[in-house]
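Structure file input-v9.cif; described as mmCIF, C-alpha atoms and all ligand atoms.
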data_upload
#
loop_
_atom_site.label_atom_id
_atom_site.label_comp_id
_atom_site.auth_asym_id
_atom_site.auth_seq_id
_atom_site.Cartn_x
_atom_site.Cartn_y
_atom_site.Cartn_z
CA MET A 1 57.80 -79.27 -87.26
CA THR A 2 55.67 -76.13 -87.15
CA ALA A 3 53.60 -76.97 -90.18
CA ALA A 4 52.93 -80.56 -89.22
CA LYS A 5 51.77 -80.25 -85.66
CA PHE A 6 50.63 -76.73 -84.91
CA SER A 7 47.78 -74.96 -86.60
CA HIS A 8 48.43 -71.53 -88.07
CA ARG A 9 48.03 -68.95 -85.30
CA VAL A 10 49.25 -65.35 -85.33
CA PHE A 11 50.32 -63.38 -82.25
CA SER A 12 51.83 -59.93 -81.97
CA GLY A 13 52.14 -57.19 -79.40
CA ILE A 14 52.76 -53.48 -79.10
CA GLN A 15 53.73 -51.56 -75.98
CA PRO A 16 51.24 -49.01 -74.68
CA SER A 17 53.97 -46.51 -74.00
CA GLY A 18 52.97 -43.40 -75.88
CA ASN A 19 52.21 -42.24 -79.36
CA LEU A 20 52.08 -44.74 -82.18
CA THR A 21 54.13 -43.77 -85.20
CA LEU A 22 53.95 -44.29 -88.93
CA GLY A 23 56.65 -46.94 -88.31
CA ASN A 24 54.31 -48.89 -86.02
CA TYR A 25 51.55 -48.53 -88.58
CA LEU A 26 53.49 -49.65 -91.66
CA GLY A 27 55.77 -52.15 -89.91
CA ALA A 28 53.17 -53.77 -87.70
CA LEU A 29 49.53 -52.61 -87.51
CA ARG A 30 48.84 -52.76 -91.21
CA ARG A 31 50.27 -56.25 -91.39
CA PHE A 32 48.10 -57.24 -88.40
CA VAL A 33 45.00 -56.21 -90.32
CA GLU A 34 46.10 -58.02 -93.48
CA MET A 35 46.54 -61.23 -91.52
CA GLN A 36 43.12 -60.84 -89.94
CA GLU A 37 41.67 -60.41 -93.45
CA GLU A 38 43.33 -63.66 -94.53
CA GLY A 39 41.06 -65.42 -92.06
CA ILE A 40 43.90 -66.76 -89.88
CA GLU A 41 43.36 -66.94 -86.11
CA THR A 42 44.89 -63.71 -84.82
CA LEU A 43 45.71 -62.47 -81.29
CA TYR A 44 46.93 -58.91 -80.79
CA CYS A 45 48.09 -57.76 -77.40
CA MET A 46 48.77 -54.47 -75.67
CA VAL A 47 51.88 -55.48 -73.75
CA ASP A 48 51.52 -53.44 -70.57
CA LEU A 49 53.81 -55.77 -68.60
CA HIS A 50 56.56 -54.92 -71.08
CA ALA A 51 55.79 -51.20 -70.80
CA ILE A 52 56.64 -51.09 -67.07
CA THR A 53 60.19 -52.36 -67.67
CA VAL A 54 60.84 -48.62 -67.73
CA TRP A 55 58.99 -46.18 -65.47
CA GLN A 56 55.38 -45.44 -66.49
CA ASP A 57 53.09 -43.01 -64.78
CA PRO A 58 50.09 -45.20 -63.76
CA ALA A 59 47.36 -42.88 -65.04
CA ARG A 60 49.26 -42.36 -68.28
CA LEU A 61 49.76 -46.12 -68.73
CA ARG A 62 46.03 -46.75 -68.35
CA ALA A 63 45.25 -44.00 -70.87
CA SER A 64 47.91 -45.26 -73.31
CA THR A 65 46.50 -48.79 -73.15
CA ARG A 66 43.04 -47.52 -74.09
CA GLU A 67 44.56 -45.33 -76.83
CA LEU A 68 46.41 -48.31 -78.24
CA ALA A 69 43.22 -50.39 -78.22
CA ALA A 70 41.45 -47.57 -80.06
CA ALA A 71 44.31 -47.36 -82.57
CA PHE A 72 44.15 -51.12 -83.18
CA MET A 73 40.46 -50.89 -83.99
CA ALA A 74 40.77 -47.62 -85.93
CA CYS A 75 43.34 -49.31 -88.19
CA GLY A 76 40.84 -52.06 -88.96
CA LEU A 77 41.25 -54.76 -86.31
CA ASP A 78 37.84 -56.14 -85.48
CA PRO A 79 37.31 -57.61 -81.99
CA LYS A 80 34.92 -60.13 -83.48
CA ARG A 81 37.59 -61.53 -85.77
CA SER A 82 40.81 -60.88 -83.82
CA ILE A 83 41.38 -61.37 -80.11
CA LEU A 84 42.35 -57.94 -78.76
CA PHE A 85 43.48 -57.75 -75.14
CA ASN A 86 45.98 -56.35 -72.69
CA GLN A 87 48.69 -58.63 -71.38
CA SER A 88 48.26 -58.06 -67.64
CA GLN A 89 44.69 -59.41 -67.74
CA VAL A 90 45.93 -62.88 -68.69
CA ALA A 91 48.05 -64.18 -65.80
CA GLY A 92 49.64 -66.89 -67.95
CA HIS A 93 52.04 -64.42 -69.58
CA ALA A 94 53.87 -63.74 -66.32
CA GLN A 95 53.62 -67.38 -65.23
CA LEU A 96 55.14 -68.79 -68.41
CA ALA A 97 57.75 -66.01 -68.44
CA TRP A 98 58.99 -67.27 -65.07
CA VAL A 99 59.49 -70.76 -66.47
CA PHE A 100 61.33 -69.26 -69.45
CA ASN A 101 63.50 -67.14 -67.13
CA CYS A 102 64.76 -70.47 -65.87
CA VAL A 103 65.25 -71.93 -69.37
CA ALA A 104 66.95 -68.92 -71.02
CA ARG A 105 70.52 -68.00 -70.09
CA MET A 106 71.74 -64.59 -68.91
CA GLY A 107 74.23 -64.55 -71.80
CA TRP A 108 71.38 -64.77 -74.31
CA MET A 109 69.71 -61.69 -72.84
CA GLY A 110 73.01 -59.80 -72.64
CA ARG A 111 73.54 -60.29 -76.38
CA MET A 112 70.26 -58.66 -77.39
CA THR A 113 70.89 -55.59 -79.54
CA GLN A 114 67.91 -53.78 -78.04
CA TRP A 115 69.26 -54.28 -74.50
CA LYS A 116 72.65 -53.00 -75.63
CA GLU A 117 71.08 -49.99 -77.34
CA LYS A 118 68.85 -49.15 -74.40
CA THR A 119 71.75 -49.28 -71.96
CA ALA A 120 74.40 -47.69 -74.21
CA GLY A 121 76.15 -44.90 -72.35
CA LYS A 122 74.09 -45.61 -69.24
CA ASN A 123 74.70 -47.56 -66.09
CA ALA A 124 73.18 -50.96 -66.95
CA GLU A 125 73.27 -51.91 -63.25
CA ALA A 126 70.61 -49.30 -62.59
CA GLU A 127 68.16 -50.65 -65.18
CA SER A 128 65.27 -52.83 -64.05
CA LEU A 129 65.66 -56.60 -63.96
CA GLY A 130 62.51 -56.65 -66.08
CA LEU A 131 64.20 -54.72 -68.89
CA PHE A 132 66.98 -57.32 -69.00
CA ALA A 133 64.50 -60.22 -69.02
CA TYR A 134 62.15 -58.48 -71.46
CA PRO A 135 62.74 -60.98 -74.35
CA SER A 136 61.88 -63.91 -72.11
CA LEU A 137 58.46 -62.38 -71.40
CA MET A 138 58.08 -61.78 -75.14
CA ALA A 139 58.78 -65.47 -75.79
CA ALA A 140 56.10 -66.31 -73.21
CA ASP A 141 53.60 -64.01 -74.97
CA ILE A 142 54.06 -65.92 -78.19
CA LEU A 143 54.43 -69.47 -76.90
CA LEU A 144 51.57 -69.24 -74.38
CA TYR A 145 49.31 -69.56 -77.45
CA HIS A 146 51.54 -71.89 -79.48
CA ALA A 147 51.60 -69.07 -82.03
CA THR A 148 53.27 -70.11 -85.27
CA HIS A 149 53.63 -66.69 -86.94
CA VAL A 150 54.55 -63.28 -85.54
CA PRO A 151 54.24 -60.14 -87.70
CA VAL A 152 56.77 -57.53 -86.54
CA GLY A 153 59.11 -54.84 -87.80
CA GLU A 154 62.74 -55.63 -88.55
CA ASP A 155 63.89 -54.48 -85.09
CA GLN A 156 62.14 -57.44 -83.42
CA LYS A 157 63.78 -60.16 -85.51
CA GLN A 158 66.42 -60.99 -82.92
CA HIS A 159 63.77 -61.34 -80.21
CA ILE A 160 61.86 -63.84 -82.33
CA GLU A 161 65.08 -65.79 -82.90
CA LEU A 162 65.51 -65.87 -79.13
CA THR A 163 61.92 -67.11 -78.78
CA ARG A 164 62.84 -69.98 -81.11
CA ASP A 165 65.92 -70.73 -79.01
CA ILE A 166 63.85 -70.79 -75.81
CA ALA A 167 61.24 -73.11 -77.39
CA ALA A 168 63.97 -75.43 -78.68
CA LYS A 169 65.83 -75.51 -75.35
CA PHE A 170 62.63 -76.19 -73.41
CA ASN A 171 61.69 -79.00 -75.81
CA HIS A 172 65.21 -80.42 -75.59
CA ASP A 173 65.68 -80.12 -71.81
CA TYR A 174 62.34 -81.78 -71.04
CA GLY A 175 62.48 -84.26 -73.93
CA VAL A 176 59.20 -83.06 -75.45
CA ASP A 177 58.02 -81.63 -78.74
CA PHE A 178 55.69 -79.16 -77.07
CA PHE A 179 56.46 -75.59 -78.16
CA PRO A 180 56.42 -74.64 -81.86
CA ILE A 181 59.40 -72.99 -83.51
CA THR A 182 57.75 -69.70 -84.41
CA GLU A 183 58.30 -67.88 -87.71
CA PRO A 184 58.75 -64.10 -87.82
CA VAL A 185 56.74 -62.40 -90.57
CA ILE A 186 58.75 -59.36 -91.69
CA GLU A 187 57.43 -58.26 -95.06
CA GLY A 188 56.79 -55.20 -97.19
CA ALA A 189 58.61 -52.00 -98.13
CA ALA A 190 58.40 -50.56 -94.64
CA THR A 191 59.69 -53.13 -92.16
CA ARG A 192 62.10 -50.45 -90.96
CA VAL A 193 60.78 -46.91 -91.28
CA MET A 194 63.57 -44.47 -90.50
CA SER A 195 63.59 -41.14 -88.66
CA LEU A 196 62.67 -38.10 -90.76
CA ARG A 197 65.68 -36.28 -89.28
CA ASP A 198 68.29 -39.03 -89.66
CA GLY A 199 67.97 -41.79 -92.25
CA THR A 200 70.23 -44.11 -90.29
CA LYS A 201 68.02 -44.15 -87.17
CA LYS A 202 64.70 -45.98 -86.71
CA MET A 203 61.56 -43.85 -86.46
CA SER A 204 60.64 -44.27 -82.81
CA LYS A 205 57.99 -43.10 -80.38
CA SER A 206 60.74 -42.49 -77.85
CA ASP A 207 62.87 -40.18 -80.04
CA PRO A 208 63.17 -36.83 -78.21
CA SER A 209 62.44 -34.93 -81.44
CA ASP A 210 58.79 -34.97 -82.47
CA MET A 211 59.89 -33.82 -85.94
CA SER A 212 61.61 -37.20 -86.42
CA ARG A 213 58.33 -39.09 -86.60
CA ILE A 214 54.75 -38.98 -87.80
CA ASN A 215 52.33 -39.87 -85.03
CA LEU A 216 49.00 -41.54 -85.77
CA THR A 217 47.40 -38.65 -83.91
CA ASP A 218 49.09 -35.87 -85.95
CA ASP A 219 46.69 -33.66 -87.89
CA ALA A 220 47.03 -32.98 -91.61
CA ASP A 221 49.04 -29.78 -91.09
CA ALA A 222 51.52 -31.46 -88.76
CA ILE A 223 52.00 -34.37 -91.18
CA ALA A 224 52.55 -32.06 -94.15
CA SER A 225 54.96 -29.84 -92.24
CA LYS A 226 57.01 -32.79 -90.92
CA ILE A 227 57.33 -34.26 -94.41
CA ARG A 228 58.21 -30.89 -95.93
CA LYS A 229 60.95 -30.43 -93.33
CA ALA A 230 62.18 -34.03 -93.54
CA ARG A 231 65.91 -34.18 -94.17
CA THR A 232 66.94 -35.06 -97.73
CA ASP A 233 69.92 -34.39 -99.97
CA PRO A 234 70.02 -31.80 -102.77
CA GLU A 235 69.90 -34.33 -105.62
CA PRO A 236 66.65 -35.04 -107.50
CA LEU A 237 65.23 -38.57 -107.53
CA PRO A 238 67.26 -40.95 -109.69
CA ASP A 239 65.78 -43.26 -112.30
CA ALA A 240 66.49 -46.49 -110.41
CA PHE A 241 65.82 -47.43 -106.76
CA SER A 242 69.25 -49.08 -106.55
CA ALA A 243 70.83 -45.63 -107.00
CA LEU A 244 69.46 -44.71 -103.55
CA ALA A 245 71.74 -47.19 -101.76
CA GLU A 246 73.93 -44.41 -100.31
CA ARG A 247 71.07 -41.91 -99.79
CA PRO A 248 69.30 -43.18 -96.64
CA GLU A 249 66.93 -40.21 -96.18
CA ALA A 250 65.77 -40.26 -99.80
CA ARG A 251 65.41 -44.04 -99.72
CA ASN A 252 63.32 -43.84 -96.57
CA LEU A 253 60.85 -41.36 -98.10
CA VAL A 254 60.53 -43.52 -101.21
CA ASN A 255 59.93 -46.61 -99.08
CA ILE A 256 57.25 -44.80 -97.08
CA TYR A 257 55.56 -43.68 -100.29
CA ALA A 258 55.71 -47.22 -101.71
CA ALA A 259 54.27 -48.77 -98.55
CA LEU A 260 51.42 -46.26 -98.38
CA ALA A 261 50.62 -46.51 -102.09
CA GLY A 262 50.92 -50.30 -102.11
CA GLU A 263 53.50 -50.10 -104.90
CA ALA A 264 57.04 -51.39 -105.31
CA PRO A 265 59.72 -48.80 -104.42
CA GLU A 266 61.20 -49.34 -107.94
CA LYS A 267 57.91 -48.18 -109.47
CA VAL A 268 57.78 -45.06 -107.26
CA VAL A 269 61.30 -44.07 -108.35
CA GLU A 270 60.36 -44.61 -112.00
CA ASP A 271 57.31 -42.38 -111.63
CA PHE A 272 59.29 -39.56 -109.99
CA ALA A 273 62.59 -40.00 -111.89
CA GLY A 274 64.43 -36.70 -112.22
CA LYS A 275 61.91 -34.82 -110.04
CA PRO A 276 63.16 -32.70 -107.12
CA PHE A 277 62.06 -33.37 -103.55
CA SER A 278 60.07 -30.15 -103.63
CA GLU A 279 57.71 -32.07 -105.92
CA PHE A 280 57.93 -35.49 -104.30
CA LYS A 281 57.33 -34.32 -100.72
CA PRO A 282 53.89 -32.74 -101.28
CA ALA A 283 52.75 -35.91 -103.08
CA LEU A 284 53.98 -37.99 -100.15
CA ALA A 285 52.29 -35.64 -97.66
CA ASP A 286 48.96 -35.97 -99.49
CA LEU A 287 49.26 -39.73 -99.49
CA ALA A 288 50.12 -39.87 -95.78
CA VAL A 289 47.25 -37.57 -94.85
CA ALA A 290 44.79 -39.57 -96.97
CA HIS A 291 45.79 -42.73 -95.09
CA LEU A 292 46.13 -41.41 -91.58
CA ALA A 293 43.35 -38.82 -91.27
CA PRO A 294 40.51 -41.38 -91.26
CA ILE A 295 42.38 -43.47 -88.67
CA THR A 296 42.81 -40.45 -86.38
CA THR A 297 39.12 -39.61 -86.71
CA ARG A 298 38.02 -43.15 -85.92
CA MET A 299 40.41 -43.26 -82.96
CA LYS A 300 38.88 -40.12 -81.48
CA GLY A 301 35.39 -41.57 -81.85
CA LEU A 302 36.37 -44.80 -80.10
CA LEU A 303 38.12 -42.98 -77.27
CA ALA A 304 34.91 -41.12 -76.48
CA ASP A 305 33.62 -44.38 -74.94
CA PRO A 306 36.36 -45.81 -72.68
CA ALA A 307 33.91 -48.19 -70.95
CA GLU A 308 33.29 -49.90 -74.28
CA ILE A 309 37.05 -50.24 -74.84
CA ASP A 310 37.42 -51.83 -71.40
CA ARG A 311 34.58 -54.22 -72.17
CA ILE A 312 36.24 -55.28 -75.44
CA LEU A 313 39.57 -55.81 -73.69
CA GLY A 314 37.88 -57.89 -70.98
CA GLU A 315 36.19 -60.06 -73.56
CA GLY A 316 39.47 -60.43 -75.44
CA ALA A 317 41.25 -61.46 -72.23
CA ASP A 318 38.62 -64.18 -71.62
CA LYS A 319 39.08 -65.57 -75.12
CA ALA A 320 42.88 -65.43 -74.84
CA SER A 321 42.79 -67.17 -71.43
CA ALA A 322 40.69 -69.98 -72.84
CA ILE A 323 43.46 -70.76 -75.35
CA ALA A 324 46.30 -70.20 -72.88
CA GLU A 325 45.08 -72.24 -69.92
CA PRO A 326 45.48 -75.77 -71.30
CA ILE A 327 48.89 -74.85 -72.73
CA LEU A 328 50.11 -73.42 -69.42
CA ASP A 329 48.67 -76.36 -67.53
CA ARG A 330 50.51 -78.84 -69.73
CA THR A 331 53.73 -76.77 -69.38
CA PHE A 332 53.49 -76.97 -65.58
CA GLU A 333 52.92 -80.70 -65.82
CA ILE A 334 55.96 -81.13 -68.07
CA VAL A 335 58.09 -79.07 -65.67
CA GLY A 336 57.03 -81.27 -62.74
CA PHE A 337 54.76 -79.00 -60.72
CA VAL A 338 52.10 -80.82 -58.69
CA ARG A 339 48.68 -79.99 -60.13
CA SER A 340 45.93 -80.69 -57.59
CA ARG A 341 43.17 -78.58 -59.04
CA SER A 342 41.42 -79.62 -62.18
CA ARG A 343 40.89 -76.49 -64.31
P1 LIG B 1 57.06 -50.83 -80.29
O1 LIG B 1 56.56 -49.48 -80.62
O2 LIG B 1 58.54 -50.86 -80.09
O3 LIG B 1 56.27 -51.55 -79.23
O4 LIG B 1 56.86 -51.67 -81.64
C1 LIG B 1 55.64 -52.25 -82.02
C2 LIG B 1 55.76 -52.86 -83.40
O5 LIG B 1 56.01 -51.85 -84.37
C3 LIG B 1 56.89 -53.89 -83.55
O6 LIG B 1 56.46 -54.93 -84.41
C4 LIG B 1 57.98 -53.09 -84.20
O7 LIG B 1 58.86 -53.90 -84.95
C5 LIG B 1 57.19 -52.17 -85.12
N1 LIG B 1 57.93 -50.93 -85.36
C6 LIG B 1 58.27 -49.99 -84.45
N2 LIG B 1 58.98 -48.98 -85.02
C7 LIG B 1 59.07 -49.31 -86.33
C8 LIG B 1 59.69 -48.67 -87.47
N3 LIG B 1 60.33 -47.51 -87.36
N4 LIG B 1 59.59 -49.29 -88.68
C9 LIG B 1 58.93 -50.47 -88.80
N5 LIG B 1 58.35 -51.12 -87.78
C10 LIG B 1 58.41 -50.56 -86.56
N1 LIG B 2 58.95 -56.27 -77.99
C1 LIG B 2 57.98 -55.80 -78.92
C2 LIG B 2 58.30 -54.36 -79.32
O1 LIG B 2 58.86 -53.61 -78.58
C3 LIG B 2 56.57 -55.87 -78.37
C4 LIG B 2 56.17 -57.27 -78.06
C5 LIG B 2 56.02 -57.81 -76.81
C6 LIG B 2 55.88 -58.28 -78.99
N2 LIG B 2 55.61 -59.10 -76.91
C7 LIG B 2 55.52 -59.44 -78.22
C8 LIG B 2 55.87 -58.34 -80.38
C9 LIG B 2 55.19 -60.63 -78.82
C10 LIG B 2 55.53 -59.55 -80.99
C11 LIG B 2 55.19 -60.69 -80.21
O2 LIG B 2 57.97 -53.98 -80.38
#
Full structure transcribed into structure tokens:
Amino acid sequence: MTAAKFSHRVFSGIQPSGNLTLGNYLGALRRFVEMQEEGIETLYCMVDLHAITVWQDPARLRASTRELAAAFMACGLDPKRSILFNQSQVAGHAQLAWVFNCVARMGWMGRMTQWKEKTAGKNAEAESLGLFAYPSLMAADILLYHATHVPVGEDQKQHIELTRDIAAKFNHDYGVDFFPITEPVIEGAATRVMSLRDGTKKMSKSDPSDMSRINLTDDADAIASKIRKARTDPEPLPDAFSALAERPEARNLVNIYAALAGEAPEKVVEDFAGKPFSEFKPALADLAVAHLAPITTRMKGLLADPAEIDRILGEGADKASAIAEPILDRTFEIVGFVRSRSR
């Protein structure tokens, strides 16, 4: 259905809720740029509505949104070729999310792994209603543009599946073939970059330990020191990647190396077979610094002119709205809302 009726359109989003990590870069941002380079229509969104599902200091949120916009561009996203914008400037996201809140079922939301993880050991009753309904807003982000492909890290797969369920239920309930069944794009060696302190946990901007992650704003010394201190086991590197199955920390570092070098993890293991981590880690640190240092420098340059960032986001929001409006209008018509204004 997707291929026949809907033209190829890419949408993805990142929350402006603090430092971006190497996980965001390898799992998402780098893929965003690759898709832009393929000449596909691409929309990339700073999802500030999602960010406030947990408390955000207003001044910090504004700063984080501009920082995220700068990071997008520093990584290679070009506002002339991709639509870059923040979610709250396009009213359709919240409007379509409301419709989807009435299509999706509470049980669907309750089964989301991320909801369960975020509320584990806490009183779920005290969380915001927005946090519970978060995936419904995410479905609205994607379907407001009839996006057919969504590049994300592995952790978002279940949310994309839910987006497909919402599209299918809407189409079924209203007897239409209106929303596409979106495909997740989860590719590469680094769709799940793990913590440097614990190879079984995702590298995350919200991990209390800064040593667990590499931030896009870390300087060369910080990157090198975090990689040097990354947890590993005492064994040297084996001669086959498959031998790392039970060594999550070692596997993670090899995957990071492979993703940065643009090589297969098998090849990296071959090259370093029998070498100790005291040799592998400095090579990985050099590679990480070579990739990230220019991004950090470009980010700083862009952040020196916040007015220009705001202008780019405003322009992006106008372009995004122009795509969204007819789709939202048609949705409201399908649902049965009276439409008196011609827009
Ligand atoms: P978030 O920081 O949760 O808003 O995530 C933004 C994007 O980065 C999503 O596509 C995530 O799947 C991706 N991402 C976040 N953390 C990681 C990670 N550790 N490994 C790979 N991808 C990640
Ligand atoms: N939920 C995603 C995350 O935390 C961010 C996001 C919001 C998103 N809306 C989206 C990702 C739409 C892809 C498409 O990473």
Once you count only C-alpha atoms, what closest atom pair and distance in Å to one decimal does each residue of range 59-156 of chain A within 12 Å of range 203-226 of chain A have, with rows by chain and rising residue number, as CSV?
residue,atom,partner,partner_atom,distance
A:Glu67,CA,A:Thr217,CA,10.1
A:Leu68,CA,A:Leu216,CA,10.5
A:Ala70,CA,A:Leu216,CA,11.2
A:Ala71,CA,A:Leu216,CA,8.1
A:Phe72,CA,A:Leu216,CA,11.0
A:Ala74,CA,A:Leu216,CA,10.2
A:Cys75,CA,A:Leu216,CA,9.9
A:Lys118,CA,A:Ser206,CA,11.0
A:Gly153,CA,A:Met203,CA,11.3
A:Asp155,CA,A:Ser204,CA,11.0
May I have the residues from that selection written out with C-alpha atoms, as a PDB file, keeping the file's coordinate frame?
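The result, stored in result_11.pdb:
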ATOM      1  CA  GLU A  67      44.560 -45.330 -76.830  1.00  0.00           C
ATOM      2  CA  LEU A  68      46.410 -48.310 -78.240  1.00  0.00           C
ATOM      3  CA  ALA A  70      41.450 -47.570 -80.060  1.00  0.00           C
ATOM      4  CA  ALA A  71      44.310 -47.360 -82.570  1.00  0.00           C
ATOM      5  CA  PHE A  72      44.150 -51.120 -83.180  1.00  0.00           C
ATOM      6  CA  ALA A  74      40.770 -47.620 -85.930  1.00  0.00           C
ATOM      7  CA  CYS A  75      43.340 -49.310 -88.190  1.00  0.00           C
ATOM      8  CA  LYS A 118      68.850 -49.150 -74.400  1.00  0.00           C
ATOM      9  CA  GLY A 153      59.110 -54.840 -87.800  1.00  0.00           C
ATOM     10  CA  ASP A 155      63.890 -54.480 -85.090  1.00  0.00           C
TER      11      ASP A 155
END
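For the choices A:Ile166, A:Met194, A:Ile327, A:Ala320, the atom-to-atom distance to ligand LIG 1 (chain B) is smallest for A:Met194 when using all atoms listed in the file.
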As a quick test: using all atoms listed in the file, which residues lie no more than 6 Å away from ligand LIG 1 (chain B)? Give them as a PyMOL selection string. chain A and resi 14-15+23-24+27-28+152-156+190-194+202-204
Expected answer as a list of chain:residue names: residues within 8 Å of ligand LIG 2 (chain B), only C-alpha atoms and all ligand atoms: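 Final answer, ordered by chain and number: A:Phe11, A:Ser12, A:Gly13, A:Ile14, A:Gln15, A:Cys45, A:Val47, A:His50, A:Tyr134, A:Pro135, A:Leu137, A:Met138, A:Ala139, A:Asp141, A:Ile142, A:Val150, A:Pro151, A:Val152, A:Gly153, A:Asp155, A:Gln156, A:His159, A:Ile160.
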Among the residues A:Val99, A:Leu237, A:Ala307, A:Leu244, the one that comes closest to Leu144 in chain A [using all atoms listed in the file]: A:Val99
I'd like the contact shell of Phe178 in chain A - 10 Å cut-off, all atoms listed in the file, skipping same-chain residues fewer than 4 positions apart - returned as a PyMOL selection string. chain A and resi 5-6+143+146+167-168+170-172+174+327+330-331+334
Atomic separation - CA of Leu196 in chain A relative to CA of Ile227 in chain A, Å: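 We find that CA of Ile227 in chain A and CA of Leu196 in chain A lie 7.5 Å from each other.
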Find the residue from A:Asp286, A:Glu125, A:Glu34, A:Glu183 that sits nearest to Arg9 in chain A; use all atoms listed in the file when measuring.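 Among the listed residues, A:Glu183 lies closest to Arg9 in chain A.
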What's around Val54 in chain A at 10 Å? Count all atoms listed in the file, leave out sequence neighbours fewer than 5 positions away in its own chain, and write the answer as a list in words. Ser17, Glu127, Ser128, Gly130 and Leu131 of chain A
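Among the candidates A:Leu77, A:Met112, A:Ala140, A:Ala147, the one nearest to His8 in chain A when counting only C-alpha atoms is A:Ala147.
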